[in-house]
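Enquirer: Supplied in structure tokens, the structure appears directly below.
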Amino acid sequence: MQLSLHADYALRVLIYVGSNAGKTVTTTQISSAYGISQNHLVRVVQTLGKQGYLKVTQGRFGGMTLSRDPADIRLGQVVRDAEPNMKLVECFDRETNTCPIAAVCGLKAYLGAALEAFIAELDKHTLSELLVDGRDQKLAAALVRITA
């Protein structure tokens, strides 16, 4: 399984913003730190803002901060909210499925269970766990070194 870039970037944005607690950060800073297209980041930030993860301020002096406590941000929920397509294989979508063996194949059930286990594992963890024991400081410092 591979997450879309949108979901991957959503997690990275939250890590970046979380590691800069108390500061307003911009898409330009995040784009520079990760080497990600700023245009793509704008869409990711919009998603995270609509889902209530970020407080986004528009304008010249705008930027973003977390709108929730990192302990309240479950990684599995972020993936669900940011991943546009959780259909691992064609037969997960009844409307577009053309697989001739779908009616008798047991693979869909196994893949569905695997997907549920994947998300359930992520749901056990929060953004705050990624930022503990000084890791937020280390992340912030690493991202600054990358862009320097």
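The way I read the labels, and the way they are meant: chains A, B, ... in the order of the structure tokens, residue 1 as the first residue of every chain, and ligand 1 as the first ligand shown, with later ones counted on from there.
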Report as a PDB file with N, CA and C atoms, in the first residue's frame: the residues of chain A with a DSSP assignment of strand (DSSP E or B), based on the backbone of this structure.
Expert:
ATOM      1  N   VAL A  25       3.634  29.363  11.007  1.00  0.00           N
ATOM      2  CA  VAL A  25       4.508  28.956   9.901  1.00  0.00           C
ATOM      3  C   VAL A  25       3.773  29.145   8.580  1.00  0.00           C
ATOM      4  N   LEU A  54      -5.681  22.561  11.456  1.00  0.00           N
ATOM      5  CA  LEU A  54      -4.903  23.791  11.401  1.00  0.00           C
ATOM      6  C   LEU A  54      -5.798  25.011  11.486  1.00  0.00           C
ATOM      7  N   LYS A  55      -5.278  26.055  12.107  1.00  0.00           N
ATOM      8  CA  LYS A  55      -5.889  27.378  12.037  1.00  0.00           C
ATOM      9  C   LYS A  55      -5.083  28.115  10.981  1.00  0.00           C
ATOM     10  N   VAL A  56      -5.740  28.489   9.895  1.00  0.00           N
ATOM     11  CA  VAL A  56      -5.056  29.116   8.768  1.00  0.00           C
ATOM     12  C   VAL A  56      -5.475  30.574   8.681  1.00  0.00           C
ATOM     13  N   THR A  57      -4.482  31.454   8.623  1.00  0.00           N
ATOM     14  CA  THR A  57      -4.714  32.880   8.468  1.00  0.00           C
ATOM     15  C   THR A  57      -4.211  33.285   7.091  1.00  0.00           C
ATOM     16  N   GLY A  63      -0.417  32.578   7.863  1.00  0.00           N
ATOM     17  CA  GLY A  63       0.300  31.338   8.102  1.00  0.00           C
ATOM     18  C   GLY A  63      -0.610  30.372   8.816  1.00  0.00           C
ATOM     19  N   MET A  64      -0.012  29.422   9.488  1.00  0.00           N
ATOM     20  CA  MET A  64      -0.829  28.408  10.153  1.00  0.00           C
ATOM     21  C   MET A  64      -0.219  27.985  11.471  1.00  0.00           C
ATOM     22  N   THR A  65      -1.117  27.559  12.347  1.00  0.00           N
ATOM     23  CA  THR A  65      -0.764  26.958  13.626  1.00  0.00           C
ATOM     24  C   THR A  65      -1.695  25.771  13.821  1.00  0.00           C
ATOM     25  N   LEU A  66      -1.348  24.911  14.747  1.00  0.00           N
ATOM     26  CA  LEU A  66      -2.254  23.797  15.059  1.00  0.00           C
ATOM     27  C   LEU A  66      -3.505  24.360  15.730  1.00  0.00           C
ATOM     28  N   ARG A  74      -5.065  12.101  16.042  1.00  0.00           N
ATOM     29  CA  ARG A  74      -4.770  10.692  15.771  1.00  0.00           C
ATOM     30  C   ARG A  74      -4.283  10.546  14.336  1.00  0.00           C
ATOM     31  N   THR A 126      -0.607   9.397  18.221  1.00  0.00           N
ATOM     32  CA  THR A 126      -0.986  10.795  18.030  1.00  0.00           C
ATOM     33  C   THR A 126       0.215  11.614  17.566  1.00  0.00           C
TER      34      THR A 126
END
Enquirer: Can you list, as a list in words, every protein, DNA or RNA residue that comes within 8 Å of region 77-82 of chain A when you count only C-alpha atoms, leaving out same-chain residues fewer than 5 positions away?
Expert: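 The filter keeps His6, Ala7, Ala10, Leu11, Val44, Thr47, Leu48, Gln51, Ile119 and Asp123 of chain A.
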Enquirer: Write out as a list in words the residues lying within 12 Å of Lys124 (chain A), counting only C-alpha atoms and excluding same-chain residues fewer than 3 positions away.
Expert: Ala71, Asp72, Ile73, Arg74, Leu75, Gly76, Gln77, Ala117, Phe118, Ile119, Ala120, Glu121, Leu127, Ser128 and Glu129 of chain A
Enquirer: Store the residues picked out above, limited to N, CA and C atoms, as a JSON list (two decimals), in the first residue's frame.
Expert:
[["chain", "number", "residue", "atom", "x", "y", "z"],
["A", 71, "ALA", "N", -1.95, 15.97, 21.13],
["A", 71, "ALA", "CA", -2.41, 14.73, 21.75],
["A", 71, "ALA", "C", -3.79, 14.31, 21.25],
["A", 72, "ASP", "N", -4.52, 15.25, 20.65],
["A", 72, "ASP", "CA", -5.86, 14.97, 20.13],
["A", 72, "ASP", "C", -5.86, 14.68, 18.63],
["A", 73, "ILE", "N", -4.69, 14.65, 18.02],
["A", 73, "ILE", "CA", -4.60, 14.40, 16.57],
["A", 73, "ILE", "C", -4.12, 12.97, 16.35],
["A", 74, "ARG", "N", -5.06, 12.10, 16.04],
["A", 74, "ARG", "CA", -4.77, 10.69, 15.77],
["A", 74, "ARG", "C", -4.28, 10.55, 14.34],
["A", 75, "LEU", "N", -3.16, 9.87, 14.16],
["A", 75, "LEU", "CA", -2.55, 9.74, 12.83],
["A", 75, "LEU", "C", -3.46, 8.98, 11.86],
["A", 76, "GLY", "N", -4.16, 7.98, 12.33],
["A", 76, "GLY", "CA", -5.08, 7.25, 11.46],
["A", 76, "GLY", "C", -6.20, 8.13, 10.94],
["A", 77, "GLN", "N", -6.70, 9.01, 11.78],
["A", 77, "GLN", "CA", -7.77, 9.92, 11.34],
["A", 77, "GLN", "C", -7.24, 10.92, 10.32],
["A", 117, "ALA", "N", -6.43, -2.93, 9.72],
["A", 117, "ALA", "CA", -5.34, -3.09, 10.69],
["A", 117, "ALA", "C", -4.32, -1.96, 10.55],
["A", 118, "PHE", "N", -4.04, -1.57, 9.33],
["A", 118, "PHE", "CA", -3.10, -0.48, 9.06],
["A", 118, "PHE", "C", -3.60, 0.82, 9.71],
["A", 119, "ILE", "N", -4.86, 1.16, 9.44],
["A", 119, "ILE", "CA", -5.43, 2.39, 10.00],
["A", 119, "ILE", "C", -5.57, 2.27, 11.52],
["A", 120, "ALA", "N", -5.94, 1.10, 12.00],
["A", 120, "ALA", "CA", -6.08, 0.90, 13.45],
["A", 120, "ALA", "C", -4.74, 1.11, 14.16],
["A", 121, "GLU", "N", -3.65, 0.67, 13.54],
["A", 121, "GLU", "CA", -2.33, 0.88, 14.13],
["A", 121, "GLU", "C", -2.01, 2.37, 14.19],
["A", 127, "LEU", "N", -0.08, 12.81, 17.10],
["A", 127, "LEU", "CA", 0.97, 13.73, 16.70],
["A", 127, "LEU", "C", 1.91, 14.02, 17.87],
["A", 128, "SER", "N", 1.36, 14.10, 19.07],
["A", 128, "SER", "CA", 2.20, 14.42, 20.23],
["A", 128, "SER", "C", 3.29, 13.37, 20.45],
["A", 129, "GLU", "N", 3.01, 12.12, 20.09],
["A", 129, "GLU", "CA", 4.02, 11.08, 20.25],
["A", 129, "GLU", "C", 5.22, 11.31, 19.32]]
Enquirer: Quick one, how far is CA of Tyr9 (chain A) from CA of Val45 (chain A)?
Expert: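 Calculated distance between CA of Tyr9 (chain A) and CA of Val45 (chain A) is 9.1 Å.
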Enquirer: Find, counting only C-alpha atoms, the residue in A:Val13, A:Lys87, A:His125, A:Thr24 that gets nearest to Gln58 (chain A).
Expert: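 Result for the nearest residue to Gln58 (chain A): A:Thr24.
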Enquirer: Under the rule that only C-alpha atoms are counted, which of A:Leu131, A:Leu3, A:Ala102, A:Leu122 is the nearest residue to Ala21 (chain A)?
Expert: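 When distances to Ala21 (chain A) are compared using only C-alpha atoms, the smallest one comes from A:Leu131.
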Enquirer: List the spatial neighbours of Leu88 (chain A) as a ChimeraX atom specification - criterion: any atom at most 9 Å away, only C-alpha atoms, same-chain residues fewer than 2 positions off excluded.
Expert: /A:1,85-86,90-92,108,111-112,115
Enquirer: Could you jot down the CA of Gly18 (chain A) to CA of Ser31 (chain A) separation for me, Å, one decimal place?
Expert: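 Separating CA of Gly18 (chain A) from CA of Ser31 (chain A) is a distance of 15.5 Å.
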Enquirer: Take CA of Ser32 (chain A) and CA of Gly52 (chain A) and report the distance between them in Å, one decimal.
Expert: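 One can read the CA of Ser32 (chain A) to CA of Gly52 (chain A) distance as 24.1 Å.
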Enquirer: Where in region 6-146 of chain A does DSSP assign alpha helix (DSSP H), given as an MDAnalysis selection string?
Expert: chainID A and resid 6:19 27:34 38:50 75:82 107:123 127:130 135:146
Enquirer: My list of candidates is A:Gly22, A:Leu5, A:Gly62, A:Arg94. Which is closest to Leu41 (chain A) when distances are computed with only C-alpha atoms?
Expert: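 Result for the nearest residue to Leu41 (chain A): A:Leu5.
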